[in-house]
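Peer 1: Below is one structure. I have some questions about it.
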Amino acid sequence: MSEAPWLTVLGLGEDGLDGLSPASRQVLDRAEVVMGPPRHLSLIPDGKAEQIEWPVPFADGLPILTGLRGRQTVVLASGDPFWFGAGSVIARNFEAAEWTALPGQSTFSLAAARLGWPLESTLTFGLHAAPLTRLRPHLAPGLRAILLLRDGKAVAELATYLGETGFADCALHVMEALGGPRERARSVSLTEALLGTFEHPVCVGLDVAGAGRAFPKASGKPDDIFETDGQITKRPVRALTLSALAPQRGEHLWDIGGGTGSISIEWLMCDPTLTATTIEPREDRAERIRRNADALGQDRLRVIHGTAPEALVDLDQPDVVFIGGGLSAELLNWLHANLRAGTRLVANAVTLESEALLAAWHDKLGGDLLRIELAQAAALGPRRGWKSAYPVVQWSLTL
């Protein structure tokens, strides 16, 4: 019979001991060590257990926790530790047999109950350690979201960001210390949020309104949301390319020859579990990709300034590869030799030389070869005519 876990992750609300179940209180009473942020430790009375403050940054606390192995230890976390909390980080770093968890009532549940919002149709964001730009792909009139923020000052930062993106008519339902004796809730305008003072811990119910631009949910986002020097996969071709890449939950993309970063950024927008690495040989374009990713809320994109295939050698293997620039026989030979079976590959070509290269590899390995020819209405003297774009040849296959 295996030994009982030595570590318990305990969800604690602003009401401290009063909000704990009998089982949670028993675990806390038996603890030899209680570890948590100062605010959480202040919510429980001093007892026989040794108290250790969890340091900042959070990762610095993991070695300390490891050193407590074998002692009955409780880690205090806010509400539900597995909803933008510490629980998932601890679970990744310790064996399943070492720990157990006793969640409390989540801030999201408390906020939804105060607002009367159905959680199943309300977006939730943990922005206490993430940029506000994470909101950008979702901002649209009518959206309701509950946001966990870093501290009281972040309410004003949120108001500033919403104003800058054109959603100046939003209502902010600011809730402080939910579930405890210090609880306070106020509905404020952006102006009132900028002038107000708010105490930590704070969350905001966001009612989005205003004339700001809402991004379409389909692939092929408008070209003008990206900063570019002209090196961009244009919207119709990008939509077809994303369809060929066919992102699936949890997959990782290599975007070779990133240009503006539009492909990898749209890839990430498809699902929050997706990841991507883009490789760009020009330093100015690599910096532009980083700016685009940050501005569009995709800070999970890894940008590498380098040339393929040399820059690919030490990277984790991808599930999908897109070649938008730098296509060469050397690159295709390297990918063919080094990618694992089942990897999906999509390559776009514009020049006659790169078309011939894809045709040769299609003859060698098979897959699908698609020629994309597009034309757009444009002025032709006093009338209109069709202005053709350069044809794009797209090769896609599963290795």
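So you can find residues: chains in the structure tokens are A, B, ... in the order shown, residues in each start at 1, and ligands are numbered from 1 in order.
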Name the residues of range 255-294 of chain A that fall into strand (DSSP E) according to DSSP on the backbone, using the chain letters and numbers of this document, as JSON, numbers by chain.
Peer 2: {"A": [255, 256, 275, 276, 277, 278, 279, 280]}
Peer 1: Give me the residues within 7 Å of range 25-41 of chain A as a list in words, counting only C-alpha atoms and dropping any in the same chain fewer than 4 places off.
Peer 2: Leu20, Ser21, Ala49, Glu50, Gln51, Ile52, Glu53, Trp54, Arg71, Gln72, Thr73, Val74, Val75, Leu76 and Ala77 of chain A
Peer 1: Which residues of range 158-252 of chain A come within 9 Å of range 262-275 of chain A, and what is each one's closest atom pair and distance in Å (one decimal), counting only C-alpha atoms, sorted by chain and residue number, as CSV?
Peer 2:
residue,atom,partner,partner_atom,distance
A:Lys217,CA,A:Cys270,CA,8.5
A:Ala218,CA,A:Cys270,CA,8.9
A:Ser219,CA,A:Glu266,CA,7.1
A:Gly220,CA,A:Glu266,CA,7.8
A:Lys221,CA,A:Glu266,CA,7.6
A:Asp223,CA,A:Ser262,CA,8.5
A:Phe226,CA,A:Ser262,CA,7.1
A:Ile232,CA,A:Ser262,CA,6.9
A:Thr233,CA,A:Ser262,CA,7.0
A:Lys234,CA,A:Ser262,CA,8.8
A:Arg238,CA,A:Ile263,CA,6.7
A:Thr241,CA,A:Ile263,CA,8.0
A:Leu242,CA,A:Trp267,CA,7.0
A:Leu245,CA,A:Trp267,CA,8.6
A:Pro247,CA,A:Trp267,CA,6.9
A:Gln248,CA,A:Leu274,CA,7.7
A:Arg249,CA,A:Thr273,CA,5.9
A:Gly250,CA,A:Thr273,CA,4.8
A:Glu251,CA,A:Leu274,CA,5.3
A:His252,CA,A:Thr275,CA,4.8
Peer 1: Separation of CA of Leu296 in chain A and CA of Gly87 in chain A, in Å?
Peer 2: 28.0 Å
Peer 1: Report the distance between CA of Gly324 in chain A and CA of Ala311 in chain A in Å, rounded to one decimal place.
Peer 2: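 About the pair CA of Gly324 in chain A and CA of Ala311 in chain A: they are 15.4 Å apart.
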Peer 1: Can you pull out the residues contacting Asn93 in chain A? Cut-off 12 Å, using only C-alpha atoms, and skip same-chain residues under 2 positions away; I want them as a list in words.
Peer 2: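 My reading of the contact set: Ala59, Gly61, Leu62, Pro63, Leu65, Thr66, Ala86, Gly87, Ser88, Val89, Ile90, Ala91, Glu95, Ala96, Ala97, Glu98 and Trp99 of chain A.
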Peer 1: Write out the residues from the selection above, keeping C-alpha atoms, as a PDB file, in the first residue's frame.
Peer 2:
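Contents of the output file selection_5.pdb:
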ATOM      1  CA  ALA A  59       9.512  29.536  -9.708  1.00  0.00           C
ATOM      2  CA  GLY A  61       9.615  28.582  -4.434  1.00  0.00           C
ATOM      3  CA  LEU A  62       9.764  25.187  -6.134  1.00  0.00           C
ATOM      4  CA  PRO A  63      13.271  24.256  -4.866  1.00  0.00           C
ATOM      5  CA  LEU A  65       9.125  23.075  -1.622  1.00  0.00           C
ATOM      6  CA  THR A  66      11.237  20.190  -2.928  1.00  0.00           C
ATOM      7  CA  ALA A  86      -0.450  27.368  -8.536  1.00  0.00           C
ATOM      8  CA  GLY A  87      -1.859  23.847  -8.669  1.00  0.00           C
ATOM      9  CA  SER A  88      -0.934  23.039 -12.255  1.00  0.00           C
ATOM     10  CA  VAL A  89       2.675  24.206 -11.761  1.00  0.00           C
ATOM     11  CA  ILE A  90       3.079  22.024  -8.684  1.00  0.00           C
ATOM     12  CA  ALA A  91       1.462  19.066 -10.467  1.00  0.00           C
ATOM     13  CA  GLU A  95       4.960  12.976  -8.904  1.00  0.00           C
ATOM     14  CA  ALA A  96       1.233  12.301  -8.707  1.00  0.00           C
ATOM     15  CA  ALA A  97       1.678  10.143  -5.601  1.00  0.00           C
ATOM     16  CA  GLU A  98       3.350  13.013  -3.715  1.00  0.00           C
ATOM     17  CA  TRP A  99       0.521  15.518  -3.665  1.00  0.00           C
TER      18      TRP A  99
END
Peer 1: Find the residue from A:Arg235, A:Thr122, A:Glu280, A:Gly258 that sits nearest to Leu206 in chain A; use only C-alpha atoms when measuring.
Peer 2: A:Thr122
Peer 1: Using only C-alpha atoms, which protein or nucleic acid residues come within 6 Å of Leu253 in chain A? Drop anything in the same chain fewer than 6 positions from it, and give the result as a PyMOL selection string.
Peer 2: chain A and resi 276+318+320-321
Peer 1: Convert the current residue selection to file output with N, CA and C atoms, as a CSV table (one decimal), in the first residue's frame.
Peer 2:
chain,number,residue,atom,x,y,z
A,276,ALA,N,4.0,27.8,-31.2
A,276,ALA,CA,4.7,28.0,-32.4
A,276,ALA,C,6.1,28.6,-32.2
A,318,PRO,N,8.6,19.6,-34.3
A,318,PRO,CA,7.2,20.1,-34.5
A,318,PRO,C,6.2,19.0,-34.9
A,320,VAL,N,3.8,20.3,-37.1
A,320,VAL,CA,3.5,20.9,-38.4
A,320,VAL,C,4.6,21.8,-38.8
A,321,VAL,N,4.9,21.9,-40.0
A,321,VAL,CA,6.0,22.8,-40.5
A,321,VAL,C,5.4,23.6,-41.7
